[in-house]
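Below is the file my_file22.csv, which contains CSV, C-alpha atoms.
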chain,number,residue,atom,x,y,z
A,1,MET,CA,-51.5,-16.1,-7.4
A,2,ASP,CA,-49.4,-19.1,-6.5
A,3,MET,CA,-47.2,-19.3,-3.4
A,4,LYS,CA,-45.0,-22.3,-3.0
A,5,LEU,CA,-43.2,-23.0,0.2
A,6,GLU,CA,-39.8,-24.2,-0.9
A,7,LEU,CA,-37.3,-23.8,2.0
A,8,VAL,CA,-37.6,-24.1,5.8
A,9,MET,CA,-34.7,-23.2,8.1
A,10,VAL,CA,-34.0,-25.8,10.7
A,11,PRO,CA,-31.8,-24.5,13.6
A,12,VAL,CA,-29.0,-26.9,14.6
A,13,THR,CA,-25.9,-26.8,16.8
A,14,ASP,CA,-23.6,-29.1,14.8
A,15,VAL,CA,-24.0,-28.8,11.0
A,16,ASP,CA,-22.1,-31.9,10.1
A,17,ARG,CA,-23.9,-34.1,12.7
A,18,ALA,CA,-27.3,-32.7,11.5
A,19,LYS,CA,-26.4,-33.3,7.8
A,20,GLU,CA,-25.4,-36.9,8.5
A,21,PHE,CA,-28.6,-37.4,10.4
A,22,TYR,CA,-30.9,-36.1,7.7
A,23,GLU,CA,-29.0,-38.0,5.0
A,24,LYS,CA,-29.5,-41.2,7.2
A,25,VAL,CA,-33.3,-40.3,7.3
A,26,GLY,CA,-33.2,-40.3,3.5
A,27,PHE,CA,-32.9,-36.6,2.6
A,28,VAL,CA,-30.7,-35.7,-0.4
A,29,ALA,CA,-28.0,-33.1,0.2
A,30,ASP,CA,-28.5,-30.6,-2.6
A,31,HIS,CA,-26.0,-27.9,-1.6
A,32,ASP,CA,-23.3,-27.6,1.0
A,33,GLN,CA,-21.6,-24.2,0.6
A,34,VAL,CA,-19.3,-22.4,3.0
A,35,VAL,CA,-20.0,-18.8,2.1
A,36,SER,CA,-17.6,-17.2,4.7
A,37,ASP,CA,-16.2,-18.0,8.1
A,38,ASP,CA,-19.6,-16.9,9.5
A,39,VAL,CA,-22.0,-18.6,7.0
A,40,ARG,CA,-22.5,-22.2,5.8
A,41,PHE,CA,-25.6,-23.2,3.9
A,42,VAL,CA,-26.6,-26.8,3.6
A,43,GLN,CA,-29.9,-27.6,1.7
A,44,LEU,CA,-31.4,-31.0,2.0
A,45,THR,CA,-34.6,-32.3,0.4
A,46,PRO,CA,-36.8,-35.2,1.6
A,47,PRO,CA,-37.5,-37.8,-1.0
A,48,GLY,CA,-40.5,-36.8,-3.2
A,49,SER,CA,-40.7,-33.3,-1.8
A,50,ALA,CA,-40.8,-30.0,-3.5
A,51,CYS,CA,-39.8,-28.3,-0.2
A,52,SER,CA,-36.3,-28.5,1.2
A,53,ILE,CA,-34.8,-27.7,4.6
A,54,ALA,CA,-31.7,-25.6,5.2
A,55,ILE,CA,-29.3,-26.1,8.1
A,56,GLY,CA,-26.1,-24.3,8.6
A,57,LYS,CA,-24.2,-21.6,10.3
A,58,GLY,CA,-25.4,-17.9,10.3
A,59,LEU,CA,-28.7,-18.7,8.7
A,60,THR,CA,-31.3,-18.1,11.4
A,61,LYS,CA,-31.7,-16.6,14.9
A,62,MET,CA,-33.9,-19.5,16.0
A,63,GLU,CA,-32.5,-21.6,18.9
A,64,PRO,CA,-31.3,-25.1,17.9
A,65,GLY,CA,-34.1,-27.6,18.6
A,66,SER,CA,-36.8,-25.0,18.7
A,67,LEU,CA,-38.9,-26.4,15.8
A,68,ASP,CA,-41.3,-28.8,17.4
A,69,ASN,CA,-43.7,-29.9,14.6
A,70,LEU,CA,-42.4,-30.0,11.1
A,71,GLN,CA,-44.7,-32.2,9.2
A,72,MET,CA,-44.5,-34.3,6.0
A,73,VAL,CA,-47.1,-36.5,4.4
A,74,ILE,CA,-46.3,-40.1,3.7
A,75,ALA,CA,-48.1,-42.9,1.8
A,76,ASP,CA,-47.8,-45.7,4.4
A,77,ALA,CA,-47.0,-45.2,8.1
A,78,ASP,CA,-46.1,-48.8,8.7
A,79,ALA,CA,-43.6,-49.0,5.7
A,80,THR,CA,-42.1,-45.6,6.7
A,81,HIS,CA,-41.7,-46.7,10.3
A,82,ALA,CA,-40.0,-49.9,9.2
A,83,ASP,CA,-37.7,-48.1,6.8
A,84,LEU,CA,-36.6,-45.5,9.4
A,85,VAL,CA,-36.0,-48.2,12.0
A,86,ALA,CA,-33.9,-50.1,9.5
A,87,ARG,CA,-31.9,-46.9,8.9
A,88,GLY,CA,-31.2,-46.7,12.6
A,89,ILE,CA,-33.5,-43.7,13.3
A,90,GLU,CA,-35.3,-43.6,16.7
A,91,VAL,CA,-39.0,-43.2,15.9
A,92,SER,CA,-42.2,-43.5,17.7
A,93,ASP,CA,-44.6,-46.4,17.2
A,94,VAL,CA,-47.3,-45.7,14.6
A,95,ASP,CA,-49.9,-43.4,16.3
A,96,GLU,CA,-53.5,-43.9,15.1
A,97,LEU,CA,-55.4,-40.6,15.3
A,98,ALA,CA,-58.8,-39.6,13.7
A,99,TRP,CA,-56.9,-37.3,11.2
A,100,GLY,CA,-54.3,-39.9,10.1
A,101,ARG,CA,-51.6,-42.3,11.1
A,102,PHE,CA,-48.4,-40.7,12.4
A,103,VAL,CA,-44.8,-41.5,13.0
A,104,PHE,CA,-42.7,-39.1,15.0
A,105,PHE,CA,-39.0,-38.5,15.3
A,106,ALA,CA,-36.5,-35.7,16.3
A,107,ASP,CA,-33.1,-34.7,15.0
A,108,PRO,CA,-30.1,-34.7,17.3
A,109,ASP,CA,-31.0,-31.1,18.5
A,110,GLY,CA,-34.6,-32.0,19.2
A,111,ASN,CA,-36.3,-30.5,16.2
A,112,GLY,CA,-39.5,-32.6,16.0
A,113,TRP,CA,-41.0,-34.2,12.9
A,114,ALA,CA,-44.4,-35.7,12.3
A,115,LEU,CA,-44.9,-38.0,9.4
A,116,GLN,CA,-48.6,-38.3,8.5
A,117,GLN,CA,-50.4,-40.9,6.5
A,118,LEU,CA,-53.6,-39.2,5.5
A,119,PRO,CA,-56.9,-40.9,6.3
A,120,ALA,CA,-58.8,-42.4,3.4
A,121,TRP,CA,-61.5,-39.8,3.7
A,122,SER,CA,-59.1,-36.9,3.2
A,123,LYS,CA,-59.4,-35.1,-0.2
A,124,SER,CA,-55.6,-35.3,-0.6
A,125,ALA,CA,-56.0,-39.1,-0.3
A,126,GLY,CA,-58.9,-39.2,-2.8
A,127,GLY,CA,-61.8,-39.0,-0.4
A,128,GLU,CA,-64.7,-36.6,0.1
A,129,GLY,CA,-62.9,-34.4,2.6
A,130,TYR,CA,-64.8,-35.4,5.6
A,131,ASP,CA,-65.3,-38.5,7.8
A,132,ALA,CA,-68.7,-39.9,6.9
A,133,SER,CA,-68.8,-42.4,9.7

Could the structure of this file be written out as structure tokens, please?
Amino acid sequence: MDMKLELVMVPVTDVDRAKEFYEKVGFVADHDQVVSDDVRFVQLTPPGSACSIAIGKGLTKMEPGSLDNLQMVIADADATHADLVARGIEVSDVDELAWGRFVFFADPDGNGWALQQLPAWSKSAGGEGYDAS
């Protein structure tokens, strides 16, 4: 049985501000639909991802800014860092950890994102699945 995560709700206070921010990061706006006075659904997809996020009005009971560790995998932490800085996104320095190289940022509400470059030993990066050193 397959199970594919395809949509994650991200709670925000200002939908237009959040949409502009995520588009600046590089996400593609797939949908922006006002369903009623109480519901607006905006779906955005990160480049290369099969999973999207949804922001909007009337979509979730989570408090804006309450997601503190959404994570995406990237090919090159240095290149991603440089690209996001060039786009005007406030990001951390590249953080070197035993389980990968990370770049961190948050949206205007404080929802936190971790971008991970997998270590060479990771199976997803073509390695054996363990650190042999």

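For the pair atom CA of Leu67 of chain A and atom CA of Val10 of chain A, the interatomic distance is 7.1 Å.
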
Gly129 of chain A surroundings by all atoms listed in the file, 12 Å radius, close-in-sequence under 6 positions cut, as a PyMOL selection string: chain A and resi 99+118-123

Store the residues picked out above in a file with C-alpha atoms, as a PDB file, in the coordinates of the input.
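Output file selection-v7.pdb follows:
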ATOM      1  CA  TRP A  99     -56.900 -37.300  11.200  1.00  0.00           C
ATOM      2  CA  LEU A 118     -53.600 -39.200   5.500  1.00  0.00           C
ATOM      3  CA  PRO A 119     -56.900 -40.900   6.300  1.00  0.00           C
ATOM      4  CA  ALA A 120     -58.800 -42.400   3.400  1.00  0.00           C
ATOM      5  CA  TRP A 121     -61.500 -39.800   3.700  1.00  0.00           C
ATOM      6  CA  SER A 122     -59.100 -36.900   3.200  1.00  0.00           C
ATOM      7  CA  LYS A 123     -59.400 -35.100  -0.200  1.00  0.00           C
TER       8      LYS A 123
END

Shell of 10 Å around Thr13 of chain A, only C-alpha atoms, local chain residues under 3 positions omitted, as a list in words: Asp16, Arg17, Ala18, Ile55, Gly56, Lys57, Glu63, Pro64, Gly65, Pro108 and Asp109 of chain A

Nearby residues (all atoms listed in the file) at most 9 Å from Met72 of chain A, same-chain spacing under 6 positions excluded, as a ChimeraX atom specification: /A:46,49,113-117

If we count only C-alpha atoms and set the cut-off at 8 Å, which residues sit around Phe105 of chain A, ignoring sequence neighbours fewer than 4 positions away in its own chain? Please answer as a PDB file with C-alpha atoms, in the frame of the given file.
ATOM      1  CA  ILE A  89     -33.500 -43.700  13.300  1.00  0.00           C
ATOM      2  CA  GLU A  90     -35.300 -43.600  16.700  1.00  0.00           C
ATOM      3  CA  VAL A  91     -39.000 -43.200  15.900  1.00  0.00           C
ATOM      4  CA  SER A  92     -42.200 -43.500  17.700  1.00  0.00           C
ATOM      5  CA  GLY A 112     -39.500 -32.600  16.000  1.00  0.00           C
ATOM      6  CA  TRP A 113     -41.000 -34.200  12.900  1.00  0.00           C
ATOM      7  CA  ALA A 114     -44.400 -35.700  12.300  1.00  0.00           C
TER       8      ALA A 114
END

Residues of segment 73-103 of chain A that approach segment 26-37 of chain A to 12 Å or less, counting only C-alpha atoms: could you list each one with the shortest pair of atoms and its distance in Å to one decimal, rows by chain and increasing residue number, as a Markdown table?
| residue | atom | partner | partner_atom | distance |
| --- | --- | --- | --- | --- |
| A:Thr80 | CA | A:Gly26 | CA | 10.8 |
| A:Asp83 | CA | A:Gly26 | CA | 9.6 |
| A:Leu84 | CA | A:Gly26 | CA | 8.6 |
| A:Val85 | CA | A:Gly26 | CA | 11.9 |
| A:Ala86 | CA | A:Gly26 | CA | 11.5 |
| A:Arg87 | CA | A:Gly26 | CA | 8.6 |
| A:Gly88 | CA | A:Gly26 | CA | 11.3 |
| A:Ile89 | CA | A:Gly26 | CA | 10.4 |

Atom CA of Gly126 of chain A to atom CA of Ala98 of chain A, distance in Å rounded to a single decimal: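 Calculated distance between atom CA of Gly126 of chain A and atom CA of Ala98 of chain A is 16.5 Å.
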
Straight-line distance linking atom CA of Ala106 of chain A with atom CA of Lys24 of chain A, stated in Å to one decimal: 12.7 Å

Which of A:Ser124, A:Ile74, A:Asn69, A:Asp107 sits closest to Asp14 of chain A [using all atoms listed in the file]: A:Asp107

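Comparing the minimum interatomic distances between Pro11 of chain A and each of A:Gln71, A:Cys51, A:Val94, A:Gly58, counting all atoms listed in the file, we find that A:Gly58 sits nearest.
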